[in-house]
Amino acid sequence: MHNIQNTSPIHRYDAVIVGAGIAGLSAALRLAQHCSVAVASKVHPVRSHSGSAQGGTAAALGNCEPDSWEWHWYDTVTGSDWLADQDAARILCREAPGLIHELDRMGVPFSRTSQGTIMQRTFGGHRKEFGKGPVARACYAADRTGHALLTTLWEQCLKTGVTFFNEYFVIDIDISDNACCGVAAWDIRNGGIHLFHSKAVLLAAGGYGRIFNISTNALINTGDAQALVLRKGLCLQDMEFVQFHPTGLYGQGILITEGARSEGGYLINTLGKRFMKEYSPALQELAPRDTVTRAIQSEIRAHRGIRGKEYVHLDLRHLKEEIINSRLPQTREICVKFAGIDPVYDPIPVQPSAHYSMGGIPVSLQGEVLADGTTAPVQGLFAAGECACVSVHGANRLGCNSTLEAALFGKRAAIAMQEYISKTPRFPAEPHQALSDAEKEVSFFLRAKGKNRVPDIRRNLQQQMADKCGVFRTHEGLCNLQNELKILKNQMTDIYIDDTSTNFNTDLIEALECGHMIEVAESVCASALARTETRGAHAREDFPKRDDNKWLKHTLIHKEKDTLKIDYKPVTVTRFDPLDKKRSTEYRLQSTDL
Ligand SMILES: Cc1cc2nc3c(=O)[nH]c(=O)nc-3n(C[C@H](O)[C@H](O)[C@H](O)COP(=O)(O)OP(=O)(O)OC[C@H]3O[C@@H](n4cnc5c(N)ncnc54)[C@H](O)[C@@H]3O)c2cc1C
């Protein structure tokens with residue numbers, strides 16, 4: 001470590017990884033066996049959102065019943081409403097079993113069958129024989145799968161010699177002449193900007209669920225990496241596709257697992273009626289995630305939410321205490337601790353909650369960031385996990401496929417980075433541009449004594465996004481939102497920051513995050529406005545049908561002189577034909593997406 005400009009420390013590593021979730025740690029572990037690696041994370045690694053994944057990780061191991069990676073592939077493509085790139089989805093499903101065995105050998109405490117093999121359970125949208133019946137494909141560690149994966153990877157990284165910079169907030173990436181030479185980060189604990197100078201950078205900074213008012217996501221999921229990429233003039237892909245989970249705990253969004261409905265829970269409106277009969281007579285509460293989400297939102301809009309409020313009831317009382325305790329203990333605990341109610345005696349208040357960001361930074365199958373979103377990689381810049389879009393989830397992610405994607409494509413990116421690093425004998429120039437841009441931004445905020453407050457701007461942003469770009473969208477609402485976002489962006493130029501200290505200055509962090517959230521929201525809104533169809537999680541009330549002739553393509557969005565520009569690129573179709581209407585519609589009707 002040495003100083004530049006006498007103040008900013010500079011750390012030099014072959015590879016620098018931004019983010020310590022499953023994607024970042026998978027990559028770090030692999031790279032550390034070959035070169036020097038630093039991981040910068042704005043929170044301690046085990047506080048990354050990956051740790052909240054409960055349900056499991058999908059892989060066609062066939063431990064409990066026959067399964068095939070090709071069935072998994074088919075489910076992933078059809079579940080994505082045909083927008084997934086089939087070559088990427090093929091890699092995901094084909095390589096999943098090998099990856100799970102690798103994680104098992106590493107020490108992930110997977111639940112076991114009586115024969116001692118990894119236990120598997122059924123999960124939404126995963127089916128046997130190309131869409132026939134449910135299949136046990138989710139590998140899990142009780143209801144703490146993400147926690148088990150994250151802590152094991154972290155321990156292995158420590159053992160292998162990865163250097164961690166915890167509580168370092170990355171605020172700028174240095175890209176010049178189409179090559180990346182490092183990042184600038186704010187040291188949250190002690191204050192000050194640090195430079196990370198490297199041959200290769202991996203962005204693994206997670207999703208942007210927090211741009212909505214109600215979200216299952218950790219508070220840190222503010223789309224930082226996506227915003228930084230956008231600011232550098234690079235592309236983002238398919239940003240309009242945000243998955244809403246039907247059952248977030250009212251007012252907080254904490255996830256109430258689908259397991260509650262698969263065990264027999266009912267959804268009830270203020271009239272005491274099981275309304276899912278109207279929306280999906282055959283499957284009712286077990287209809288696909290997007291169907292249940294839209295049904296709940298429709299009831300709320302028709303003033304049939306409980307006492308006219310923005311929630312309905314999920315009723316488990318008829319399941320009785322014994323079943324709730326044995327099968328849904330965490331759900332009971334969450335309700336008691338966070339809502340002050342006991343599902344054995346009270347119905348649970350639930351509402352749709354922003355859950356997963358399908359869109360992100362476009363990457364090649366090797367994780368290289370594509371400057372124009374199609375073919376041209378930025379030298380030395382890679383991305384993986386929820387912040388990237390490779391695209392295996394298309395318009396709608398299948399449950400249990402994203403911890404898999406993060407681990408698998410994190411590892412694949414590391415292999416490509418290792419190759420790149422070994423072919424790059426010298427370090428590039430130091431990331432001075434990132435330093436001066438980061439300094440400008442931080443000093444602006446630390447001196448900001450204007451009239452607007454960041455929490456007000458953020459609250460307004462999240463509410464506007466939920467109201468106008470949430471479960472349902474219209475041309476009018478989105479146009480209106482675009483104007484509101486401009487106002488909010490303008491307000492950010494005249495804010496008041498109370499805290500001017502440098503240690504643990506949460507005012508500063510929130511201001512930086514809010515700036516990122518607005519950039520990301522603008523790209524979600526513009527992409528949603530342009531797509532005049534309904535596909536997967538993107539529901540346009542004014543265009544209620546999927547339109548494959550016009551819209552079987554990925555959205556690409558980038559910035560030119562502060563104006564967003566939209567392009568498109570084709571979906572990669574290899575084996576399954578999206579225009580085989582009969583099969584694709586049948587699938588959507590049968591799916592139970594639990
Ligand atoms: C409640 C919940 C339940 C889920 N359940 C499942 C499930 O059962 N199965 C499944 O497959 N998927 C599930 N998912 C989705 C899955 O957990 C995530 O998509 C996946 O774990 C994301 O991993 P990641 O490594 O990309 O990002 P994350 O785990 O979100 O990690 C992001 C990292 O980036 C760091 N970071 C962010 N911004 C910055 C910055 N500016 N500077 C420095 N560091 C930064 C953070 O500190 C963090 O370490 C669930 C998600 C949620 C919210």
# chains A, B, ... in the order shown; residues from 1 in each chain; ligands from 1
call {"tool": "residues_around", "arguments": {"residues": "region 379-393 of chain A", "least_positions_apart": "5", "cutoff": "6 Å", "atoms": "only C-alpha atoms", "output": "PDB file with all heavy atoms, in the first residue's frame"}}
result
ATOM      1  N   ALA A  23     -21.931 -14.658  -5.386  1.00  0.00           N
ATOM      2  CA  ALA A  23     -21.211 -14.482  -6.652  1.00  0.00           C
ATOM      3  C   ALA A  23     -19.774 -14.023  -6.401  1.00  0.00           C
ATOM      4  O   ALA A  23     -18.821 -14.609  -6.936  1.00  0.00           O
ATOM      5  CB  ALA A  23     -21.942 -13.468  -7.533  1.00  0.00           C
ATOM      6  N   SER A  80     -38.980 -18.322 -17.922  1.00  0.00           N
ATOM      7  CA  SER A  80     -38.493 -16.963 -18.196  1.00  0.00           C
ATOM      8  C   SER A  80     -39.404 -16.229 -19.171  1.00  0.00           C
ATOM      9  O   SER A  80     -39.098 -15.111 -19.575  1.00  0.00           O
ATOM     10  CB  SER A  80     -37.092 -17.027 -18.810  1.00  0.00           C
ATOM     11  OG  SER A  80     -37.173 -17.371 -20.194  1.00  0.00           O
ATOM     12  N   ALA A  84     -35.112 -15.840 -21.720  1.00  0.00           N
ATOM     13  CA  ALA A  84     -33.763 -16.276 -21.328  1.00  0.00           C
ATOM     14  C   ALA A  84     -32.970 -16.631 -22.579  1.00  0.00           C
ATOM     15  O   ALA A  84     -33.536 -17.104 -23.564  1.00  0.00           O
ATOM     16  CB  ALA A  84     -33.859 -17.499 -20.427  1.00  0.00           C
ATOM     17  N   ASP A  85     -31.655 -16.404 -22.529  1.00  0.00           N
ATOM     18  CA  ASP A  85     -30.800 -16.872 -23.623  1.00  0.00           C
ATOM     19  C   ASP A  85     -30.556 -18.358 -23.397  1.00  0.00           C
ATOM     20  O   ASP A  85     -30.037 -18.765 -22.346  1.00  0.00           O
ATOM     21  CB  ASP A  85     -29.486 -16.085 -23.644  1.00  0.00           C
ATOM     22  CG  ASP A  85     -29.680 -14.702 -24.251  1.00  0.00           C
ATOM     23  OD1 ASP A  85     -30.583 -14.546 -25.097  1.00  0.00           O
ATOM     24  OD2 ASP A  85     -28.951 -13.774 -23.856  1.00  0.00           O
ATOM     25  N   ALA A  88     -27.052 -19.715 -22.405  1.00  0.00           N
ATOM     26  CA  ALA A  88     -26.665 -19.440 -21.010  1.00  0.00           C
ATOM     27  C   ALA A  88     -27.432 -20.359 -20.058  1.00  0.00           C
ATOM     28  O   ALA A  88     -26.870 -20.919 -19.106  1.00  0.00           O
ATOM     29  CB  ALA A  88     -26.942 -17.978 -20.672  1.00  0.00           C
ATOM     30  N   ALA A  89     -28.742 -20.529 -20.318  1.00  0.00           N
ATOM     31  CA  ALA A  89     -29.560 -21.377 -19.446  1.00  0.00           C
ATOM     32  C   ALA A  89     -29.082 -22.834 -19.516  1.00  0.00           C
ATOM     33  O   ALA A  89     -29.124 -23.569 -18.524  1.00  0.00           O
ATOM     34  CB  ALA A  89     -31.031 -21.266 -19.849  1.00  0.00           C
ATOM     35  N   ALA A 179     -10.783   0.052 -21.160  1.00  0.00           N
ATOM     36  CA  ALA A 179     -10.147  -0.902 -20.245  1.00  0.00           C
ATOM     37  C   ALA A 179     -10.333  -0.411 -18.812  1.00  0.00           C
ATOM     38  O   ALA A 179     -10.325   0.790 -18.546  1.00  0.00           O
ATOM     39  CB  ALA A 179      -8.668  -1.035 -20.567  1.00  0.00           C
ATOM     40  N   CYS A 180     -10.518  -1.376 -17.906  1.00  0.00           N
ATOM     41  CA  CYS A 180     -10.747  -1.027 -16.504  1.00  0.00           C
ATOM     42  C   CYS A 180      -9.451  -1.211 -15.732  1.00  0.00           C
ATOM     43  O   CYS A 180      -8.750  -2.210 -15.908  1.00  0.00           O
ATOM     44  CB  CYS A 180     -11.830  -1.945 -15.941  1.00  0.00           C
ATOM     45  SG  CYS A 180     -12.138  -1.648 -14.216  1.00  0.00           S
ATOM     46  N   ALA A 200      -7.798  -6.779 -13.176  1.00  0.00           N
ATOM     47  CA  ALA A 200      -9.186  -7.147 -13.504  1.00  0.00           C
ATOM     48  C   ALA A 200     -10.105  -6.839 -12.331  1.00  0.00           C
ATOM     49  O   ALA A 200      -9.715  -6.988 -11.169  1.00  0.00           O
ATOM     50  CB  ALA A 200      -9.263  -8.633 -13.846  1.00  0.00           C
ATOM     51  N   VAL A 201     -11.326  -6.396 -12.665  1.00  0.00           N
ATOM     52  CA  VAL A 201     -12.338  -6.070 -11.638  1.00  0.00           C
ATOM     53  C   VAL A 201     -13.584  -6.911 -11.908  1.00  0.00           C
ATOM     54  O   VAL A 201     -14.008  -7.040 -13.060  1.00  0.00           O
ATOM     55  CB  VAL A 201     -12.720  -4.569 -11.706  1.00  0.00           C
ATOM     56  CG1 VAL A 201     -13.955  -4.267 -10.867  1.00  0.00           C
ATOM     57  CG2 VAL A 201     -11.560  -3.691 -11.247  1.00  0.00           C
ATOM     58  N   LEU A 202     -14.138  -7.477 -10.830  1.00  0.00           N
ATOM     59  CA  LEU A 202     -15.425  -8.182 -10.963  1.00  0.00           C
ATOM     60  C   LEU A 202     -16.482  -7.403 -10.186  1.00  0.00           C
ATOM     61  O   LEU A 202     -16.311  -7.129  -8.995  1.00  0.00           O
ATOM     62  CB  LEU A 202     -15.347  -9.600 -10.387  1.00  0.00           C
ATOM     63  CG  LEU A 202     -16.683 -10.361 -10.371  1.00  0.00           C
ATOM     64  CD1 LEU A 202     -17.098 -10.779 -11.780  1.00  0.00           C
ATOM     65  CD2 LEU A 202     -16.617 -11.592  -9.470  1.00  0.00           C
ATOM     66  N   LEU A 203     -17.578  -7.051 -10.856  1.00  0.00           N
ATOM     67  CA  LEU A 203     -18.709  -6.422 -10.168  1.00  0.00           C
ATOM     68  C   LEU A 203     -19.658  -7.530  -9.742  1.00  0.00           C
ATOM     69  O   LEU A 203     -20.153  -8.296 -10.579  1.00  0.00           O
ATOM     70  CB  LEU A 203     -19.411  -5.433 -11.105  1.00  0.00           C
ATOM     71  CG  LEU A 203     -18.525  -4.310 -11.646  1.00  0.00           C
ATOM     72  CD1 LEU A 203     -19.278  -3.462 -12.675  1.00  0.00           C
ATOM     73  CD2 LEU A 203     -18.019  -3.420 -10.502  1.00  0.00           C
ATOM     74  N   ALA A 204     -19.888  -7.643  -8.437  1.00  0.00           N
ATOM     75  CA  ALA A 204     -20.788  -8.687  -7.919  1.00  0.00           C
ATOM     76  C   ALA A 204     -21.577  -8.071  -6.771  1.00  0.00           C
ATOM     77  O   ALA A 204     -21.595  -8.581  -5.661  1.00  0.00           O
ATOM     78  CB  ALA A 204     -19.983  -9.901  -7.460  1.00  0.00           C
ATOM     79  N   ALA A 205     -22.212  -6.916  -7.078  1.00  0.00           N
ATOM     80  CA  ALA A 205     -22.768  -6.078  -6.006  1.00  0.00           C
ATOM     81  C   ALA A 205     -24.277  -6.230  -5.815  1.00  0.00           C
ATOM     82  O   ALA A 205     -24.896  -5.405  -5.146  1.00  0.00           O
ATOM     83  CB  ALA A 205     -22.392  -4.619  -6.253  1.00  0.00           C
ATOM     84  N   GLY A 206     -24.893  -7.273  -6.388  1.00  0.00           N
ATOM     85  CA  GLY A 206     -26.289  -7.590  -6.062  1.00  0.00           C
ATOM     86  C   GLY A 206     -27.315  -6.733  -6.785  1.00  0.00           C
ATOM     87  O   GLY A 206     -27.000  -5.976  -7.712  1.00  0.00           O
ATOM     88  N   GLY A 207     -28.582  -6.865  -6.340  1.00  0.00           N
ATOM     89  CA  GLY A 207     -29.717  -6.306  -7.080  1.00  0.00           C
ATOM     90  C   GLY A 207     -30.142  -4.909  -6.662  1.00  0.00           C
ATOM     91  O   GLY A 207     -29.444  -4.218  -5.906  1.00  0.00           O
ATOM     92  N   GLY A 359     -32.952  -7.863 -14.580  1.00  0.00           N
ATOM     93  CA  GLY A 359     -32.066  -7.086 -15.444  1.00  0.00           C
ATOM     94  C   GLY A 359     -30.743  -6.779 -14.765  1.00  0.00           C
ATOM     95  O   GLY A 359     -30.579  -7.009 -13.563  1.00  0.00           O
ATOM     96  N   GLY A 360     -29.802  -6.254 -15.548  1.00  0.00           N
ATOM     97  CA  GLY A 360     -28.514  -5.903 -14.969  1.00  0.00           C
ATOM     98  C   GLY A 360     -27.480  -5.594 -16.030  1.00  0.00           C
ATOM     99  O   GLY A 360     -27.817  -5.206 -17.158  1.00  0.00           O
ATOM    100  N   ILE A 361     -26.226  -5.806 -15.656  1.00  0.00           N
ATOM    101  CA  ILE A 361     -25.105  -5.465 -16.547  1.00  0.00           C
ATOM    102  C   ILE A 361     -24.918  -6.601 -17.561  1.00  0.00           C
ATOM    103  O   ILE A 361     -24.684  -7.742 -17.158  1.00  0.00           O
ATOM    104  CB  ILE A 361     -23.811  -5.290 -15.710  1.00  0.00           C
ATOM    105  CG1 ILE A 361     -24.035  -4.245 -14.603  1.00  0.00           C
ATOM    106  CG2 ILE A 361     -22.636  -4.927 -16.595  1.00  0.00           C
ATOM    107  CD1 ILE A 361     -23.033  -4.301 -13.462  1.00  0.00           C
ATOM    108  N   PRO A 362     -25.043  -6.314 -18.864  1.00  0.00           N
ATOM    109  CA  PRO A 362     -24.931  -7.407 -19.834  1.00  0.00           C
ATOM    110  C   PRO A 362     -23.519  -7.997 -19.868  1.00  0.00           C
ATOM    111  O   PRO A 362     -22.537  -7.252 -19.916  1.00  0.00           O
ATOM    112  CB  PRO A 362     -25.274  -6.746 -21.177  1.00  0.00           C
ATOM    113  CG  PRO A 362     -25.124  -5.291 -20.959  1.00  0.00           C
ATOM    114  CD  PRO A 362     -25.291  -5.019 -19.496  1.00  0.00           C
ATOM    115  N   VAL A 363     -23.460  -9.311 -19.801  1.00  0.00           N
ATOM    116  CA  VAL A 363     -22.153  -9.992 -19.817  1.00  0.00           C
ATOM    117  C   VAL A 363     -22.170 -11.145 -20.815  1.00  0.00           C
ATOM    118  O   VAL A 363     -23.234 -11.676 -21.156  1.00  0.00           O
ATOM    119  CB  VAL A 363     -21.778 -10.561 -18.419  1.00  0.00           C
ATOM    120  CG1 VAL A 363     -21.455  -9.458 -17.441  1.00  0.00           C
ATOM    121  CG2 VAL A 363     -22.872 -11.465 -17.865  1.00  0.00           C
ATOM    122  N   GLY A 367     -18.679 -13.964 -18.395  1.00  0.00           N
ATOM    123  CA  GLY A 367     -18.771 -12.891 -17.404  1.00  0.00           C
ATOM    124  C   GLY A 367     -18.114 -11.585 -17.803  1.00  0.00           C
ATOM    125  O   GLY A 367     -18.018 -10.664 -16.992  1.00  0.00           O
ATOM    126  N   GLU A 368     -17.654 -11.467 -19.078  1.00  0.00           N
ATOM    127  CA  GLU A 368     -17.042 -10.191 -19.498  1.00  0.00           C
ATOM    128  C   GLU A 368     -18.144  -9.155 -19.673  1.00  0.00           C
ATOM    129  O   GLU A 368     -19.172  -9.445 -20.296  1.00  0.00           O
ATOM    130  CB  GLU A 368     -16.344 -10.344 -20.851  1.00  0.00           C
ATOM    131  CG  GLU A 368     -15.255 -11.378 -20.883  1.00  0.00           C
ATOM    132  CD  GLU A 368     -15.109 -11.984 -22.281  1.00  0.00           C
ATOM    133  OE1 GLU A 368     -16.082 -12.560 -22.805  1.00  0.00           O
ATOM    134  OE2 GLU A 368     -14.019 -11.884 -22.836  1.00  0.00           O
ATOM    135  N   VAL A 369     -17.936  -7.947 -19.141  1.00  0.00           N
ATOM    136  CA  VAL A 369     -18.934  -6.884 -19.314  1.00  0.00           C
ATOM    137  C   VAL A 369     -18.892  -6.414 -20.772  1.00  0.00           C
ATOM    138  O   VAL A 369     -17.818  -6.128 -21.318  1.00  0.00           O
ATOM    139  CB  VAL A 369     -18.646  -5.707 -18.356  1.00  0.00           C
ATOM    140  CG1 VAL A 369     -19.528  -4.508 -18.687  1.00  0.00           C
ATOM    141  CG2 VAL A 369     -18.861  -6.148 -16.914  1.00  0.00           C
ATOM    142  N   ALA A 406     -25.543 -17.272  -9.231  1.00  0.00           N
ATOM    143  CA  ALA A 406     -24.480 -16.477  -8.598  1.00  0.00           C
ATOM    144  C   ALA A 406     -23.225 -17.336  -8.395  1.00  0.00           C
ATOM    145  O   ALA A 406     -22.112 -16.914  -8.717  1.00  0.00           O
ATOM    146  CB  ALA A 406     -24.978 -15.908  -7.272  1.00  0.00           C
ATOM    147  N   PHE A 409     -21.911 -18.633 -12.245  1.00  0.00           N
ATOM    148  CA  PHE A 409     -21.351 -17.619 -13.138  1.00  0.00           C
ATOM    149  C   PHE A 409     -20.280 -16.786 -12.424  1.00  0.00           C
ATOM    150  O   PHE A 409     -19.418 -16.201 -13.080  1.00  0.00           O
ATOM    151  CB  PHE A 409     -22.457 -16.785 -13.789  1.00  0.00           C
ATOM    152  CG  PHE A 409     -23.128 -17.548 -14.915  1.00  0.00           C
ATOM    153  CD1 PHE A 409     -24.238 -18.333 -14.685  1.00  0.00           C
ATOM    154  CD2 PHE A 409     -22.592 -17.520 -16.201  1.00  0.00           C
ATOM    155  CE1 PHE A 409     -24.837 -19.078 -15.709  1.00  0.00           C
ATOM    156  CE2 PHE A 409     -23.177 -18.253 -17.228  1.00  0.00           C
ATOM    157  CZ  PHE A 409     -24.294 -19.029 -16.983  1.00  0.00           C
ATOM    158  N   GLY A 410     -20.301 -16.765 -11.091  1.00  0.00           N
ATOM    159  CA  GLY A 410     -19.191 -16.163 -10.344  1.00  0.00           C
ATOM    160  C   GLY A 410     -17.921 -16.953 -10.638  1.00  0.00           C
ATOM    161  O   GLY A 410     -16.864 -16.394 -10.937  1.00  0.00           O
TER     162      GLY A 410
END
call {"tool": "residues_around", "arguments": {"residues": "Val46 (chain A)", "least_positions_apart": "3", "cutoff": "8 Å", "atoms": "only C-alpha atoms", "output": "list of chain:residue names"}}
result
A:Ala20, A:Gly21, A:Gly51, A:His147, A:Leu150, A:Thr151, A:Trp154
call {"tool": "write_last_selection", "arguments": {"atoms": "N, CA and C atoms", "output": "mmCIF file, in the first residue's frame"}}
result
data_model
loop_
_atom_site.group_PDB
_atom_site.id
_atom_site.type_symbol
_atom_site.label_atom_id
_atom_site.label_comp_id
_atom_site.auth_asym_id
_atom_site.auth_seq_id
_atom_site.Cartn_x
_atom_site.Cartn_y
_atom_site.Cartn_z
ATOM 1 N N ALA A 20 -19.457 -9.201 -1.684
ATOM 2 C CA ALA A 20 -19.075 -10.438 -0.996
ATOM 3 C C ALA A 20 -20.281 -11.343 -0.786
ATOM 4 N N GLY A 21 -21.208 -11.331 -1.749
ATOM 5 C CA GLY A 21 -22.305 -12.308 -1.715
ATOM 6 C C GLY A 21 -21.825 -13.608 -2.341
ATOM 7 N N GLY A 51 -27.364 -14.308 2.092
ATOM 8 C CA GLY A 51 -27.614 -15.043 3.331
ATOM 9 C C GLY A 51 -29.083 -15.206 3.655
ATOM 10 N N HIS A 147 -27.591 -18.840 3.802
ATOM 11 C CA HIS A 147 -26.670 -18.644 4.927
ATOM 12 C C HIS A 147 -25.576 -19.718 4.899
ATOM 13 N N LEU A 150 -23.194 -19.046 1.941
ATOM 14 C CA LEU A 150 -22.393 -17.832 2.135
ATOM 15 C C LEU A 150 -21.299 -18.037 3.183
ATOM 16 N N THR A 151 -21.661 -18.625 4.314
ATOM 17 C CA THR A 151 -20.666 -18.767 5.384
ATOM 18 C C THR A 151 -19.581 -19.774 4.987
ATOM 19 N N TRP A 154 -17.268 -18.065 2.549
ATOM 20 C CA TRP A 154 -16.466 -17.051 3.249
ATOM 21 C C TRP A 154 -15.306 -17.702 4.012
#
call {"tool": "closest_residue", "arguments": {"among": "A:Lys337, A:Arg30, A:His11, A:His72", "to": "Ala407 (chain A)", "atoms": "only C-alpha atoms"}}
result
A:Arg30
call {"tool": "residues_around", "arguments": {"residues": "Gln297 (chain A)", "least_positions_apart": "2", "cutoff": "8 Å", "atoms": "only C-alpha atoms", "output": "PyMOL selection string"}}
result
chain A and resi 293-295+299-301+351-352+471
call {"tool": "residues_around", "arguments": {"residues": "region 172-177 of chain A", "least_positions_apart": "4", "cutoff": "6 Å", "atoms": "only C-alpha atoms", "output": "ChimeraX atom specification"}}
result
/A:181-184,431,434
call {"tool": "write_last_selection", "arguments": {"atoms": "all heavy atoms", "output": "PDB file, in the first residue's frame"}}
result
ATOM      1  N   CYS A 181      -9.125  -0.229 -14.868  1.00  0.00           N
ATOM      2  CA  CYS A 181      -7.863  -0.365 -14.128  1.00  0.00           C
ATOM      3  C   CYS A 181      -8.087  -0.330 -12.614  1.00  0.00           C
ATOM      4  O   CYS A 181      -7.142  -0.313 -11.851  1.00  0.00           O
ATOM      5  CB  CYS A 181      -6.881   0.718 -14.551  1.00  0.00           C
ATOM      6  SG  CYS A 181      -7.536   2.365 -14.351  1.00  0.00           S
ATOM      7  N   GLY A 182      -9.333  -0.327 -12.177  1.00  0.00           N
ATOM      8  CA  GLY A 182      -9.582  -0.374 -10.742  1.00  0.00           C
ATOM      9  C   GLY A 182     -10.810   0.416 -10.335  1.00  0.00           C
ATOM     10  O   GLY A 182     -11.574   0.884 -11.188  1.00  0.00           O
ATOM     11  N   VAL A 183     -10.979   0.549  -9.014  1.00  0.00           N
ATOM     12  CA  VAL A 183     -12.157   1.255  -8.489  1.00  0.00           C
ATOM     13  C   VAL A 183     -11.734   2.170  -7.341  1.00  0.00           C
ATOM     14  O   VAL A 183     -10.661   2.000  -6.766  1.00  0.00           O
ATOM     15  CB  VAL A 183     -13.233   0.264  -7.962  1.00  0.00           C
ATOM     16  CG1 VAL A 183     -13.727  -0.645  -9.064  1.00  0.00           C
ATOM     17  CG2 VAL A 183     -12.738  -0.555  -6.774  1.00  0.00           C
ATOM     18  N   ALA A 184     -12.611   3.117  -7.017  1.00  0.00           N
ATOM     19  CA  ALA A 184     -12.401   3.969  -5.845  1.00  0.00           C
ATOM     20  C   ALA A 184     -13.490   3.642  -4.833  1.00  0.00           C
ATOM     21  O   ALA A 184     -14.641   3.441  -5.214  1.00  0.00           O
ATOM     22  CB  ALA A 184     -12.482   5.440  -6.240  1.00  0.00           C
ATOM     23  N   PRO A 431      -5.770   4.144 -11.189  1.00  0.00           N
ATOM     24  CA  PRO A 431      -7.120   4.688 -11.438  1.00  0.00           C
ATOM     25  C   PRO A 431      -7.324   6.109 -10.894  1.00  0.00           C
ATOM     26  O   PRO A 431      -8.165   6.354 -10.038  1.00  0.00           O
ATOM     27  CB  PRO A 431      -8.035   3.681 -10.729  1.00  0.00           C
ATOM     28  CG  PRO A 431      -7.197   3.032  -9.697  1.00  0.00           C
ATOM     29  CD  PRO A 431      -5.774   3.093 -10.151  1.00  0.00           C
ATOM     30  N   ALA A 434     -10.863   7.764 -11.353  1.00  0.00           N
ATOM     31  CA  ALA A 434     -11.861   7.326 -10.362  1.00  0.00           C
ATOM     32  C   ALA A 434     -11.678   8.114  -9.075  1.00  0.00           C
ATOM     33  O   ALA A 434     -12.645   8.518  -8.426  1.00  0.00           O
ATOM     34  CB  ALA A 434     -11.730   5.831 -10.100  1.00  0.00           C
TER      35      ALA A 434
END
call {"tool": "residues_around", "arguments": {"residues": "Lys42 (chain A)", "least_positions_apart": "5", "cutoff": "10 Å", "atoms": "only C-alpha atoms", "output": "MDAnalysis selection string"}}
result
chainID A and resid 18:20 47:48 165:170 185:188 205 220 509
call {"tool": "write_last_selection", "arguments": {"atoms": "C-alpha atoms", "output": "PDB file, in the first residue's frame"}}
result
ATOM      1  CA  VAL A  18     -16.831  -5.622  -5.586  1.00  0.00           C
ATOM      2  CA  GLY A  19     -19.315  -7.526  -3.433  1.00  0.00           C
ATOM      3  CA  ALA A  20     -19.075 -10.438  -0.996  1.00  0.00           C
ATOM      4  CA  ARG A  47     -24.472  -9.749   5.962  1.00  0.00           C
ATOM      5  CA  SER A  48     -24.811  -9.855   2.155  1.00  0.00           C
ATOM      6  CA  PHE A 165     -11.955  -4.864   2.820  1.00  0.00           C
ATOM      7  CA  ASN A 166     -15.192  -4.862   4.787  1.00  0.00           C
ATOM      8  CA  GLU A 167     -17.285  -1.699   5.005  1.00  0.00           C
ATOM      9  CA  TYR A 168     -15.713  -0.164   1.917  1.00  0.00           C
ATOM     10  CA  PHE A 169     -18.299   1.454  -0.338  1.00  0.00           C
ATOM     11  CA  VAL A 170     -17.230   1.423  -4.003  1.00  0.00           C
ATOM     12  CA  ALA A 185     -14.081   3.206  -2.517  1.00  0.00           C
ATOM     13  CA  TRP A 186     -15.103   5.181   0.563  1.00  0.00           C
ATOM     14  CA  ASP A 187     -13.862   3.698   3.849  1.00  0.00           C
ATOM     15  CA  ILE A 188     -17.090   3.703   5.876  1.00  0.00           C
ATOM     16  CA  ALA A 205     -22.768  -6.078  -6.006  1.00  0.00           C
ATOM     17  CA  ILE A 220     -28.091  -2.505   0.944  1.00  0.00           C
ATOM     18  CA  ILE A 509     -23.784   6.645   2.495  1.00  0.00           C
TER      19      ILE A 509
END
call {"tool": "atom_distance", "arguments": {"atom1": "CA of Phe244 (chain A)", "atom2": "CA of Thr222 (chain A)"}}
result
16.1 Å
call {"tool": "select_by_dssp", "arguments": {"residues": "region 143-186 of chain A", "states": "helix (DSSP H, G or I)", "output": "list in words"}}
result
Thr145, Gly146, His147, Ala148, Leu149, Leu150, Thr151, Thr152, Leu153, Trp154, Glu155, Gln156, Cys157, Leu158, Lys159 and Thr160 of chain A
call {"tool": "residues_around", "arguments": {"residues": "Leu267 (chain A)", "least_positions_apart": "6", "cutoff": "8 Å", "atoms": "only C-alpha atoms", "output": "list in words"}}
result
Arg274, Phe275, Met276, Glu285, Val312, His313, Leu314 and Asp315 of chain A
call {"tool": "closest_residue", "arguments": {"among": "A:Tyr420, A:Tyr140, A:Tyr496, A:Tyr356", "to": "Val378 (chain A)", "atoms": "only C-alpha atoms"}}
result
A:Tyr420
call {"tool": "residues_around", "arguments": {"residues": "Ala32 (chain A)", "least_positions_apart": "4", "cutoff": "7 Å", "atoms": "only C-alpha atoms", "output": "list of chain:residue names"}}
result
A:Ala28, A:Ser36, A:Val37, A:Thr160, A:Gly161, A:Val162
call {"tool": "closest_residue", "arguments": {"among": "A:Arg473, A:Arg231, A:Arg453, A:Arg531", "to": "Glu510 (chain A)", "atoms": "only C-alpha atoms"}}
result
A:Arg453
call {"tool": "closest_residue", "arguments": {"among": "A:Pro455, A:Gly394, A:Pro425, A:Gly272", "to": "Lys553 (chain A)", "atoms": "only C-alpha atoms"}}
result
A:Gly394
call {"tool": "closest_residue", "arguments": {"among": "A:His475, A:Arg137, A:Lys199, A:Lys320", "to": "ligand 1", "atoms": "only C-alpha atoms and all ligand atoms"}}
result
A:Arg137
